[in-house]
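Peer 1: See upload-v3.txt below, with compact mmCIF, C-alpha atoms.
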# COMPACT_ATOMS: atom_id res chain seq x y z
CA MET A 245 -9.09 -12.88 -15.80
CA LYS A 246 -10.95 -11.14 -18.62
CA SER A 247 -13.50 -9.22 -16.59
CA LEU A 248 -14.13 -8.20 -12.98
CA ASP A 249 -17.31 -6.99 -11.29
CA ILE A 250 -17.06 -5.47 -7.81
CA PHE A 251 -20.25 -5.02 -5.77
CA CYS A 252 -20.34 -2.39 -3.03
CA GLU A 253 -23.20 -1.44 -0.72
CA ILE A 254 -22.58 1.95 0.88
CA ILE A 255 -24.24 2.20 4.28
CA ASP A 256 -23.33 5.32 6.25
CA ASN A 257 -19.70 6.22 5.67
CA TYR A 258 -16.94 6.62 3.11
CA GLY A 259 -14.92 3.56 4.12
CA ASP A 260 -16.69 0.97 1.96
CA ILE A 261 -16.56 2.94 -1.27
CA GLY A 262 -13.05 4.14 -0.34
CA VAL A 263 -11.76 0.56 -0.28
CA VAL A 264 -13.64 -0.48 -3.42
CA TYR A 265 -12.58 2.60 -5.37
CA ARG A 266 -8.97 1.95 -4.40
CA LEU A 267 -9.24 -1.76 -5.28
CA ALA A 268 -10.74 -1.05 -8.70
CA LYS A 269 -8.01 1.47 -9.57
CA GLU A 270 -5.26 -0.89 -8.51
CA MET A 271 -6.66 -3.86 -10.45
CA LYS A 272 -6.98 -1.66 -13.53
CA LYS A 273 -3.36 -0.59 -13.17
CA LEU A 274 -2.29 -4.20 -12.72
CA TYR A 275 -4.16 -5.59 -15.75
CA LYS A 276 -4.23 -2.40 -17.87
CA ASP A 277 -6.47 -2.75 -20.95
CA ASN A 278 -6.58 -6.55 -20.73
CA ILE A 279 -9.54 -6.48 -18.38
CA GLU A 280 -12.98 -4.87 -18.12
CA ILE A 281 -13.75 -3.67 -14.60
CA ARG A 282 -17.21 -2.65 -13.44
CA VAL A 283 -18.16 -1.37 -10.00
CA ILE A 284 -21.80 -1.74 -8.97
CA LEU A 285 -22.95 0.72 -6.28
CA ASN A 286 -26.22 1.11 -4.42
CA ARG A 287 -25.80 4.91 -4.44
CA LEU A 288 -23.40 7.63 -5.59
CA ASP A 289 -23.49 10.39 -2.95
CA GLU A 290 -20.34 9.36 -1.06
CA PHE A 291 -18.49 8.48 -4.26
CA LYS A 292 -19.19 11.95 -5.67
CA LYS A 293 -17.35 13.47 -2.72
CA LEU A 294 -14.37 11.13 -3.02
CA ASN A 295 -14.01 11.95 -6.73
CA LYS A 296 -15.38 15.20 -8.12
CA ARG A 297 -15.55 13.78 -11.65
CA VAL A 298 -18.37 11.44 -10.64
CA GLU A 299 -21.68 12.49 -12.17
CA ASP A 300 -25.18 11.76 -10.93
CA ILE A 301 -25.88 9.24 -13.68
CA GLN A 302 -26.48 5.51 -13.59
CA CYS A 303 -23.61 4.40 -15.83
CA GLN A 304 -20.29 6.19 -16.36
CA GLU A 305 -16.66 5.48 -17.12
CA ILE A 306 -13.83 7.02 -15.10
CA ASP A 307 -10.19 6.21 -15.84
CA GLY A 308 -11.16 3.10 -17.76
CA ILE A 309 -13.43 1.70 -15.01
CA ILE A 310 -17.20 1.51 -15.45
CA TYR A 311 -19.33 2.56 -12.48
CA ILE A 312 -23.00 1.62 -12.52
CA THR A 313 -25.85 1.75 -10.03
CA GLU A 314 -27.85 -1.22 -8.80
CA GLU A 315 -30.91 0.39 -10.38
CA PHE A 316 -29.19 0.36 -13.78
CA LEU A 317 -28.19 -3.28 -13.32
CA THR A 318 -31.71 -4.29 -12.34
CA LYS A 319 -33.28 -2.57 -15.34
CA ASN A 320 -30.75 -4.06 -17.78
CA ILE A 321 -30.25 -7.53 -16.32
CA CYS A 322 -31.63 -9.24 -19.43
CA THR A 323 -28.74 -7.92 -21.53
CA PHE A 324 -26.15 -7.83 -18.74
CA SER A 325 -23.47 -10.53 -18.77
CA PRO A 326 -21.71 -11.17 -15.43
CA ALA A 327 -17.92 -10.97 -15.22
CA ASN A 328 -15.91 -14.15 -14.94
CA VAL A 329 -14.55 -12.93 -11.57
CA ILE A 330 -16.84 -11.26 -9.03
CA ILE A 331 -16.02 -9.57 -5.72
CA GLU A 332 -18.77 -8.84 -3.23
CA ALA A 333 -17.30 -6.30 -0.84
CA PHE A 334 -18.07 -6.70 2.86
CA GLY A 335 -20.79 -9.30 2.47
CA CYS A 336 -23.12 -7.10 0.44
CA ASN A 337 -26.05 -8.73 -1.32
CA VAL A 338 -25.54 -9.38 -5.01
CA PHE A 339 -28.70 -8.88 -7.06
CA GLN A 340 -30.37 -12.30 -7.39
CA GLY A 341 -30.98 -12.02 -11.11
CA TYR A 342 -27.30 -11.33 -11.66
CA LEU A 343 -26.28 -14.16 -9.32
CA GLU A 344 -28.38 -16.74 -11.16
CA LYS A 345 -26.63 -15.84 -14.40
CA ALA A 346 -23.25 -15.87 -12.68
CA LYS A 347 -23.80 -19.42 -11.44
CA GLU A 348 -23.87 -20.55 -15.04
CA GLU A 349 -21.34 -18.19 -16.64
CA SER A 350 -18.79 -16.98 -14.05
CA SER A 351 -15.80 -18.78 -12.53
CA LEU A 352 -15.02 -17.15 -9.19
CA LEU A 353 -16.92 -15.19 -6.52
CA LEU A 354 -14.91 -13.74 -3.63
CA ASN A 355 -16.52 -12.50 -0.45
CA LEU A 356 -14.08 -9.73 0.50
CA GLU A 357 -14.72 -9.25 4.21
CA TYR A 358 -13.98 -6.40 6.60
CA LEU A 359 -10.48 -6.06 7.97
CA SER A 360 -9.77 -7.86 11.25
CA GLY A 361 -6.77 -8.69 13.38
CA GLU A 362 -8.51 -11.56 15.16
CA LYS A 363 -6.66 -14.86 14.89
CA TRP A 364 -9.65 -16.95 13.79
CA ILE A 365 -9.83 -15.26 10.38
CA GLU A 366 -6.68 -17.15 9.33
CA ASP A 367 -8.71 -20.39 9.45
CA ILE A 368 -11.55 -18.88 7.40
CA HIS A 369 -9.38 -17.13 4.81
CA GLY A 370 -9.53 -19.01 1.51
CA MET A 371 -12.31 -21.33 2.69
CA GLU A 372 -14.89 -22.30 0.07
CA SER A 373 -18.55 -21.47 0.58
CA LEU A 374 -20.59 -24.09 -1.28
CA MET A 375 -23.19 -22.62 -3.64
CA GLY A 376 -24.47 -25.66 -5.51
CA ALA A 377 -23.55 -23.95 -8.77
CA LYS A 378 -22.49 -25.78 -11.92
CA LYS A 379 -19.44 -23.59 -12.58
CA LEU A 380 -19.17 -20.75 -10.07
CA LYS A 381 -17.03 -21.24 -6.95
CA LYS A 382 -17.24 -18.93 -3.93
CA PHE A 383 -14.49 -18.29 -1.34
CA PHE A 384 -13.98 -16.14 1.73
CA PHE A 385 -11.18 -13.58 1.46
CA MET A 386 -10.30 -12.25 4.92
CA PRO A 387 -8.12 -9.11 5.14
CA GLY A 388 -5.84 -9.02 8.17
CA PHE A 389 -2.43 -8.24 9.61
CA SER A 390 -0.66 -11.56 9.23
CA GLU A 391 0.87 -13.52 6.38
CA LYS A 392 -1.79 -16.24 6.77
CA SER A 393 -4.62 -13.74 6.29
CA GLY A 394 -5.66 -11.83 3.16
CA GLY A 395 -3.46 -8.88 4.12
CA VAL A 396 -4.22 -5.16 3.78
CA MET A 397 -4.59 -2.84 0.80
CA ALA A 398 -0.97 -1.78 0.26
CA ASP A 399 -1.69 -0.51 -3.24
CA SER A 400 1.11 0.75 -5.45
CA LEU A 401 -0.79 3.94 -6.31
CA PHE A 402 -0.71 4.99 -2.66
CA LEU A 403 2.93 4.01 -2.23
CA GLU A 404 3.90 6.00 -5.32
CA ARG A 405 2.00 9.02 -3.97
CA LYS A 406 3.75 8.62 -0.61
CA HIS A 407 7.15 8.67 -2.31
CA LYS A 408 6.22 11.74 -4.36
CA VAL A 409 5.00 13.69 -1.32
CA LEU A 410 8.05 12.89 0.80
CA LYS A 411 10.30 13.90 -2.08
CA ASN A 412 8.54 17.28 -2.40
CA LYS A 413 7.71 18.17 1.22
CA THR A 414 7.95 21.94 0.83
CA GLU A 415 5.46 21.99 -2.05
CA TYR A 416 2.85 19.97 -0.17
CA LYS A 417 3.30 21.85 3.09
CA GLU A 418 2.55 25.09 1.21
CA LYS A 419 -0.46 23.45 -0.42
CA TYR A 420 -2.13 22.18 2.77
CA PHE A 421 -0.71 23.92 5.86
CA GLY A 422 -1.39 27.50 4.79
CA ASN A 423 0.21 30.84 5.63
CA TYR A 424 0.26 30.30 9.39
CA TYR A 425 2.52 27.27 9.28
CA LYS A 426 5.88 27.70 11.00
CA GLU A 427 8.90 25.53 10.35
CA ASN A 428 9.27 22.73 12.92
CA MET A 429 5.61 22.85 13.92
CA LEU A 430 4.31 19.45 15.03
CA VAL A 431 1.40 18.80 12.67
CA GLY A 432 -1.35 16.21 13.08
CA SER A 433 -4.39 15.34 10.98
CA ILE A 434 -7.56 14.58 12.97
CA PHE A 435 -10.33 12.49 11.37
CA SER A 436 -12.68 10.83 13.85
CA TYR A 437 -16.14 10.04 15.03
CA GLU A 438 -17.65 12.16 17.82
CA LYS A 439 -15.01 12.71 20.50
CA ASN A 440 -14.05 15.01 23.35
CA PHE A 441 -10.61 16.25 22.37
CA LEU A 442 -9.91 18.18 25.57
CA PRO A 443 -7.27 15.58 26.69
CA LEU A 444 -5.46 16.05 23.38
CA ILE A 445 -5.52 19.84 23.72
CA GLU A 446 -4.22 19.63 27.29
CA ALA A 447 -1.35 17.39 26.19
CA LEU A 448 -0.42 19.71 23.32
CA LEU A 449 -0.32 22.68 25.70
CA LYS A 450 2.40 20.84 27.65
CA ASN A 451 4.54 19.48 24.80
CA LYS A 452 6.64 22.67 24.49
CA LYS A 453 6.14 22.84 20.72
CA GLU A 454 4.23 24.89 18.21
CA ASN A 455 1.37 22.62 17.09
CA MET A 456 -0.99 22.53 14.14
CA LEU A 457 -4.10 20.36 13.91
CA LEU A 458 -5.76 19.74 10.52
CA VAL A 459 -9.38 19.02 11.43
CA MET A 460 -11.15 16.81 8.87
CA GLY A 461 -14.66 15.50 8.39
CA GLU A 462 -18.03 16.73 9.70
CA LYS A 463 -18.01 14.70 12.93
CA THR A 464 -14.49 15.86 13.80
CA LYS A 465 -15.36 19.49 13.10
CA GLU A 466 -18.46 19.22 15.26
CA SER A 467 -16.32 17.75 18.04
CA PHE A 468 -13.88 20.64 17.88
CA GLN A 469 -16.65 23.25 17.62
CA ASN A 470 -18.12 21.78 20.79
CA LEU A 471 -14.68 22.12 22.41
CA LEU A 472 -14.18 25.70 21.25
CA LYS A 473 -17.28 26.78 23.20
CA ASN A 474 -15.37 26.20 26.43
CA ILE A 475 -11.96 27.74 25.67
CA GLU A 476 -10.96 31.26 24.65
CA VAL A 477 -9.42 31.14 21.19
CA GLN A 478 -8.17 33.69 18.70
CA LYS A 479 -10.24 33.43 15.53
CA LEU A 480 -8.09 34.02 12.47
CA SER A 481 -10.83 33.20 9.95
CA GLU A 482 -13.97 31.09 9.67
CA ASP A 483 -11.79 27.98 9.51
CA GLU A 484 -8.68 28.81 11.54
CA TYR A 485 -8.24 29.30 15.28
CA VAL A 486 -5.31 29.68 17.67
CA TYR A 487 -5.28 28.54 21.29
CA GLU A 488 -1.94 29.35 22.92
CA ASN A 489 0.59 27.05 21.14
CA ILE A 490 -2.07 25.21 19.08
CA HIS A 491 -3.19 26.27 15.62
CA MET A 492 -6.43 24.57 14.47
CA LYS A 493 -7.24 24.53 10.76
CA PHE A 494 -10.63 23.20 9.63
CA MET A 495 -10.04 21.53 6.28
CA PRO A 496 -12.44 21.34 3.31
CA PHE A 497 -13.59 17.89 2.21
CA LEU A 498 -10.71 16.28 0.35
CA GLU A 499 -10.79 13.82 -2.51
CA GLN A 500 -9.20 10.46 -1.78
CA GLU A 501 -5.90 11.35 -3.47
CA GLU A 502 -5.69 14.71 -1.66
CA TYR A 503 -6.27 13.04 1.72
CA GLU A 504 -3.41 10.65 0.96
CA GLU A 505 -1.13 13.62 0.30
CA VAL A 506 -2.03 15.21 3.62
CA ILE A 507 -1.48 12.16 5.81
CA ASN A 508 1.95 11.62 4.28
CA ILE A 509 3.12 15.19 4.96
CA VAL A 510 1.96 15.55 8.60
CA ASP A 511 3.78 14.15 11.64
CA TYR A 512 0.95 11.98 12.99
CA ASN A 513 -2.58 10.95 12.06
CA PHE A 514 -5.80 10.39 13.96
CA VAL A 515 -7.99 8.25 11.71
CA ARG A 516 -11.32 6.50 11.80
CA GLY A 517 -12.85 3.38 10.23
CA GLU A 518 -10.91 0.98 8.05
CA ASP A 519 -9.69 2.65 4.87
CA SER A 520 -8.09 5.72 6.48
CA PHE A 521 -6.60 3.47 9.18
CA ILE A 522 -4.77 1.39 6.58
CA ARG A 523 -3.58 4.57 4.85
CA ALA A 524 -2.20 5.76 8.20
CA LEU A 525 -0.42 2.44 8.75
CA LEU A 526 1.23 2.67 5.35
CA THR A 527 2.56 6.19 5.98
CA GLY A 528 4.74 4.77 8.76
CA LYS A 529 3.79 7.71 11.00
CA PRO A 530 2.43 7.52 14.57
CA PHE A 531 -1.36 7.07 14.50
CA VAL A 532 -4.44 6.83 16.68
CA TRP A 533 -7.26 4.70 15.28
CA HIS A 534 -10.91 5.43 16.12
CA ILE A 535 -12.50 2.12 15.21
CA TYR A 536 -16.12 1.89 14.03
CA LEU A 537 -18.36 1.47 17.09
CA GLN A 538 -20.25 -1.81 17.52
CA GLU A 539 -22.82 -2.99 20.05
CA GLU A 540 -21.74 -4.80 23.21
CA LEU A 541 -18.17 -3.54 22.74
CA ALA A 542 -17.63 -5.93 19.83
CA HIS A 543 -15.29 -3.35 18.31
CA MET A 544 -12.90 -3.92 21.20
CA ASP A 545 -12.37 -7.50 20.01
CA LYS A 546 -11.12 -6.05 16.75
CA ILE A 547 -8.92 -3.50 18.50
CA ASN A 548 -7.45 -6.20 20.74
CA GLY A 549 -6.95 -8.44 17.70
CA PHE A 550 -4.97 -5.72 15.94
CA ILE A 551 -2.98 -5.02 19.12
CA ASP A 552 -2.06 -8.72 19.35
CA ARG A 553 -0.90 -8.83 15.72
CA TYR A 554 1.01 -5.56 16.14
CA ARG A 555 2.72 -6.76 19.33
CA GLU A 556 3.73 -10.16 17.97
CA THR A 557 5.43 -8.47 15.02
CA MET A 558 7.43 -5.92 17.04
CA ASN A 559 10.10 -6.06 19.71
CA ASN A 560 8.79 -5.03 23.11
CA SER A 561 9.56 -1.42 24.08
CA ASP A 562 8.20 1.41 26.22
CA GLY A 563 7.10 3.24 23.07
CA LEU A 564 5.17 0.22 21.80
CA ASN A 565 3.44 -0.29 25.15
CA VAL A 566 2.44 3.39 25.37
CA HIS A 567 1.02 3.27 21.85
CA LEU A 568 -0.98 0.09 22.40
CA LYS A 569 -2.42 1.31 25.70
CA LEU A 570 -3.56 4.53 24.03
CA LEU A 571 -5.26 2.62 21.19
CA LYS A 572 -7.19 0.56 23.72
CA ASP A 573 -8.14 3.45 26.01
CA TYR A 574 -9.14 5.70 23.09
CA ASN A 575 -11.64 3.16 21.79
CA MET A 576 -13.17 1.92 25.05
CA ARG A 577 -16.66 3.40 24.65
CA GLU A 578 -20.28 2.27 24.45
CA SER A 579 -21.35 5.21 22.33
CA ASN A 580 -19.86 7.98 20.23
CA SER A 581 -20.21 11.08 22.39
CA TYR A 582 -18.45 14.11 23.85
CA GLU A 583 -17.97 12.44 27.21
CA LEU A 584 -14.39 12.31 28.45
CA GLY A 585 -12.68 8.99 27.82
CA ASN A 586 -9.81 7.31 29.65
CA GLU A 587 -7.10 8.14 27.12
CA LYS A 588 -4.07 10.21 28.12
CA PHE A 589 -1.91 11.78 25.42
CA GLU A 590 1.05 13.07 27.44
CA ASP A 591 2.91 9.75 27.06
CA PHE A 592 2.11 9.64 23.34
CA PHE A 593 4.06 12.86 22.78
CA GLN A 594 6.74 12.03 25.37
CA TYR A 595 7.49 8.75 23.57
CA PHE A 596 6.71 10.13 20.12
CA ASN A 597 10.06 9.27 18.51
CA GLU A 598 10.02 5.74 19.93
CA ILE A 599 6.45 5.24 18.68
CA LYS A 600 7.52 6.57 15.28
CA SER A 601 10.28 3.95 15.10
CA CYS A 602 7.65 1.26 15.78
CA THR A 603 5.17 2.54 13.20
CA GLU A 604 7.86 2.85 10.53
CA GLU A 605 9.01 -0.72 11.14
CA TYR A 606 5.45 -2.02 11.17
CA SER A 607 4.62 -0.23 7.94
CA ASP A 608 7.58 -1.91 6.24
CA TYR A 609 6.38 -5.29 7.52
CA ILE A 610 2.83 -4.76 6.24
CA ILE A 611 4.01 -3.66 2.80
CA SER A 612 6.45 -6.56 2.47
CA HIS A 613 4.43 -9.43 3.97
CA CYS A 614 0.74 -8.52 4.05
CA ASN A 615 -0.07 -6.95 0.68
CA LEU A 616 -3.71 -7.70 -0.12
CA ILE A 617 -3.35 -6.83 -3.80
CA ASP A 618 -0.60 -9.41 -4.29
CA LYS A 619 -2.49 -12.04 -2.32
CA LEU A 620 -5.76 -11.33 -4.13
CA ASN A 621 -4.15 -11.49 -7.56
CA ARG A 622 -2.44 -14.80 -6.79
CA PHE A 623 -5.73 -16.23 -5.54
CA ILE A 624 -7.61 -15.12 -8.66
CA LEU A 625 -4.98 -16.57 -10.98
CA LYS A 626 -5.60 -20.03 -9.52
CA TYR A 627 -9.09 -20.01 -11.01
Output the file's structure in the form of structure tokens.
Peer 2:
Amino acid sequence: MKSLDIFCEIIDNYGDIGVVYRLAKEMKKLYKDNIEIRVILNRLDEFKKLNKRVEDIQCQEIDGIIYITEEFLTKNICTFSPANVIIEAFGCNVFQGYLEKAKEESSLLLNLEYLSGEKWIEDIHGMESLMGAKKLKKFFFMPGFSEKSGGVMADSLFLERKHKVLKNKTEYKEKYFGNYYKENMLVGSIFSYEKNFLPLIEALLKNKKENMLLVMGEKTKESFQNLLKNIEVQKLSEDEYVYENIHMKFMPFLEQEEYEEVINIVDYNFVRGEDSFIRALLTGKPFVWHIYLQEELAHMDKINGFIDRYRETMNNSDGLNVHLKLLKDYNMRESNSYELGNEKFEDFFQYFNEIKSCTEEYSDYIISHCNLIDKLNRFILKY
């Protein structure tokens, strides 16, 4: 592979660009200077938050990767040569003028789909989509949680950062937990869509520990601010509050690499969407996943698919059953709102160590058997 173009259409969250940014960095590390990588984005706003070096310009190079806007591509299509390998992330539309050139000049187009645990994706993964092109071949690449799927993004950059953080725990605790952290506090990161977190607070009040919650993202902060209206808290600063044995710290927006440091140093992670969910899996720590809401409860098919893949990999245990029930109850919703859900967190903390054993074992399985980067590279090398 001499060149790679990755197309990404950002809709309304950081997940799409988070995955693509991670993929581009990993492919650059893998191929070093032997490859030209370009990422084509429909807009830059979300990317600028994930990486503060991103400028509001149409073409720029960061760490050896070229990032351009669709507008730049459209204006320069006459002089723009397509890469020999193309990835369209999550079924985004590739500019037609580019695609017509690619049909004549490029070798491989991969439709990198959204992550799913549903069994049927194993039959679709690697299937060719006929284009009627002279040279270009197109295939479906289906990320998932089994060896027969495309796997998940277990990138070496993240795993190296994980190792570094765990080796230097004291340094990173001082960096992110602040002056109010006490040794042996149970610390969780919370990153979600709109949610009523009263059940979580009630469970933490009963767990007989000193607790710290790192509250991340606008929707999570709004959820906690809504909660704080109804409980009497001690306000330490504009961003820190104490409620009995619970310390709540509202975090600033973190770059991708900083977020990865945080989730590796805490004890458990509440995450949302796809990219942060995979990061949480790879930490090996207990997690709660707030999946992206879809109409007619279609998101529950994806939750149930993941639960099935998780269960078939692990030995049955009380901790596993508690964890899986919580994942299902937490996501059973028809809208993102502050209404109380069905989830109960008391069992999550009661079986915390057993759940941790499960998540550590599952993380090892994912890294060893379901590494998307390895699978993607082997697929590309065939063509």
Peer 1: Which residues of range 258-293 of chain A have any atom within 12 Å of an atom in range 492-507 of chain A when counting only C-alpha atoms, and what is the closest pair of atoms for each, with the distance in Å to one decimal? Order the rows by chain and rising number and write it as a Markdown table.
Peer 2:
| residue | atom | partner | partner_atom | distance |
| --- | --- | --- | --- | --- |
| A:Tyr258 | CA | A:Gln500 | CA | 9.9 |
| A:Gly259 | CA | A:Gln500 | CA | 10.7 |
| A:Ile261 | CA | A:Gln500 | CA | 10.5 |
| A:Gly262 | CA | A:Gln500 | CA | 7.5 |
| A:Val263 | CA | A:Gln500 | CA | 10.3 |
| A:Val264 | CA | A:Gln500 | CA | 11.9 |
| A:Tyr265 | CA | A:Gln500 | CA | 9.3 |
| A:Arg266 | CA | A:Gln500 | CA | 8.9 |
| A:Lys269 | CA | A:Glu501 | CA | 11.8 |
| A:Glu290 | CA | A:Glu499 | CA | 10.6 |
| A:Phe291 | CA | A:Glu499 | CA | 9.5 |
| A:Lys292 | CA | A:Glu499 | CA | 9.2 |
| A:Lys293 | CA | A:Glu499 | CA | 6.6 |
Peer 1: Within 8 Å of Leu570 in chain A, counting all atoms listed in the file, which residues qualify if same-chain residues fewer than 4 places away don't, as a list in words?
Peer 2: Val532, Val566, Tyr574, Glu587, Lys588, Phe589 and Phe592 of chain A
Peer 1: Skip Asn355 in chain A itself and residues of its chain fewer than 4 positions away, then list as a count of residues only all residues within 7 Å of it, counting only C-alpha atoms.
Peer 2: 8
Peer 1: Give me, as a list in words, all polymer residues having an atom no more than 10 Å from Val329 in chain A, counting all atoms listed in the file and skipping those fewer than 5 positions away in the same chain.
Peer 2: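 Listing them by chain and then by number gives Met245, Lys246, Ser247, Leu248, Asp249, Ile250, Ile281, Ala346, Glu349, Ser350, Ser351, Leu352, Leu353, Leu354, Leu380, Lys381, Ile624 and Tyr627 of chain A.
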Peer 1: Please measure the separation of CA of Leu541 in chain A and CA of Gly528 in chain A, giving the value in Å to one decimal.
Peer 2: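 Between these atoms lies a distance of 28.1 Å.
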Peer 1: Rank nothing, just name the residue among A:Lys413, A:Asp399, A:Arg516, A:Glu454 nearest to Tyr437 in chain A, using only C-alpha atoms.
Peer 2: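 Closest to Tyr437 in chain A, using only C-alpha atoms: A:Arg516.
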Peer 1: Please identify all polymer residues lying at most 12 Å from the point (-32.5, 1.4, -10.0) (file coordinates), using only C-alpha atoms, and present the result as a ChimeraX atom specification.
Peer 2: /A:284-288,301-303,312-321,339
Peer 1: So which one's closest to Tyr311 in chain A, A:Asp562, A:Arg297, A:Asn423, A:Leu403? Using all atoms listed in the file, please.
Peer 2: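 Nearest to Tyr311 in chain A: A:Arg297.
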Peer 1: Just checking: using only C-alpha atoms, which residue out of A:Leu343, A:Tyr358, A:His543, A:Gly395 ends up closest to Met375 in chain A?
Peer 2: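 Distance minimum relative to Met375 in chain A lands on A:Leu343.
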Peer 1: Between A:Arg555, A:Lys408, A:Arg282, A:Lys347, which is the closest to Lys379 in chain A once you count all atoms listed in the file?
Peer 2: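 Ranking A:Arg555, A:Lys408, A:Arg282, A:Lys347 by distance to Lys379 in chain A, first place goes to A:Lys347.
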Peer 1: So the first atom is CA of Glu590 in chain A and the second is CA of Lys569 in chain A; what is the distance between them in Å, to one decimal place?
Peer 2: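 That distance, rounded to one decimal, is 12.4 Å.
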Peer 1: Given the choices A:Ala377, A:Leu471, A:Val338, A:Ile279, which gets closest to Glu583 in chain A if the distance is worked out from only C-alpha atoms?
Peer 2: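 Of A:Ala377, A:Leu471, A:Val338, A:Ile279, the one nearest Glu583 in chain A is A:Leu471, counting only C-alpha atoms.
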Peer 1: Go through A:Glu466, A:Leu472, A:Lys626, A:Lys439 and flag the residue nearest Arg577 in chain A, using all atoms listed in the file for the distances.
Peer 2: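 Nearest candidate to Arg577 in chain A out of A:Glu466, A:Leu472, A:Lys626, A:Lys439: A:Lys439.
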Peer 1: Any idea what the distance is between CA of Glu280 in chain A and CA of Asn295 in chain A?
Peer 2: 20.3 Å
Peer 1: So that I can look at just that part, could you write range 374-391 of chain A with N, CA and C atoms, as a short mmCIF file (atom, residue, chain, number, x, y, z; two decimals), in the first residue's frame?
Peer 2:
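This went into part15.cif:
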data_model
loop_
_atom_site.label_atom_id
_atom_site.label_comp_id
_atom_site.auth_asym_id
_atom_site.auth_seq_id
_atom_site.Cartn_x
_atom_site.Cartn_y
_atom_site.Cartn_z
N LEU A 374 -20.23 -5.24 -5.57
CA LEU A 374 -19.87 -5.03 -6.98
C LEU A 374 -20.10 -3.58 -7.40
N MET A 375 -19.10 -3.00 -8.07
CA MET A 375 -19.16 -1.60 -8.48
C MET A 375 -19.17 -1.42 -9.99
N GLY A 376 -18.86 -2.48 -10.72
CA GLY A 376 -18.77 -2.34 -12.17
C GLY A 376 -17.58 -1.52 -12.60
N ALA A 377 -16.55 -1.49 -11.75
CA ALA A 377 -15.34 -0.71 -12.06
C ALA A 377 -14.30 -1.60 -12.73
N LYS A 378 -13.47 -0.97 -13.55
CA LYS A 378 -12.43 -1.70 -14.27
C LYS A 378 -11.39 -2.27 -13.32
N LYS A 379 -10.99 -1.50 -12.31
CA LYS A 379 -9.90 -1.90 -11.44
C LYS A 379 -10.31 -1.97 -9.97
N LEU A 380 -11.09 -1.02 -9.53
CA LEU A 380 -11.40 -0.87 -8.11
C LEU A 380 -12.34 -1.96 -7.61
N LYS A 381 -11.99 -2.57 -6.47
CA LYS A 381 -12.85 -3.54 -5.81
C LYS A 381 -13.29 -2.99 -4.46
N LYS A 382 -14.55 -3.23 -4.12
CA LYS A 382 -15.11 -2.72 -2.87
C LYS A 382 -15.56 -3.89 -1.99
N PHE A 383 -15.26 -3.79 -0.66
CA PHE A 383 -15.63 -4.84 0.29
C PHE A 383 -16.20 -4.22 1.56
N PHE A 384 -17.05 -4.99 2.22
CA PHE A 384 -17.56 -4.60 3.53
C PHE A 384 -16.59 -5.07 4.62
N PHE A 385 -16.27 -4.16 5.53
CA PHE A 385 -15.43 -4.51 6.67
C PHE A 385 -16.24 -4.23 7.93
N MET A 386 -16.60 -5.30 8.66
CA MET A 386 -17.59 -5.22 9.73
C MET A 386 -16.94 -5.41 11.11
N PRO A 387 -16.67 -4.33 11.84
CA PRO A 387 -16.12 -4.47 13.18
C PRO A 387 -17.06 -5.21 14.12
N GLY A 388 -16.51 -6.03 15.00
CA GLY A 388 -17.33 -6.80 15.92
C GLY A 388 -16.49 -7.45 17.00
N PHE A 389 -17.14 -8.31 17.78
CA PHE A 389 -16.52 -8.88 18.98
C PHE A 389 -16.21 -10.36 18.84
N SER A 390 -16.03 -10.83 17.63
CA SER A 390 -15.70 -12.23 17.42
C SER A 390 -14.55 -12.34 16.43
N GLU A 391 -13.92 -13.50 16.40
CA GLU A 391 -12.79 -13.70 15.50
C GLU A 391 -13.22 -13.68 14.04
#
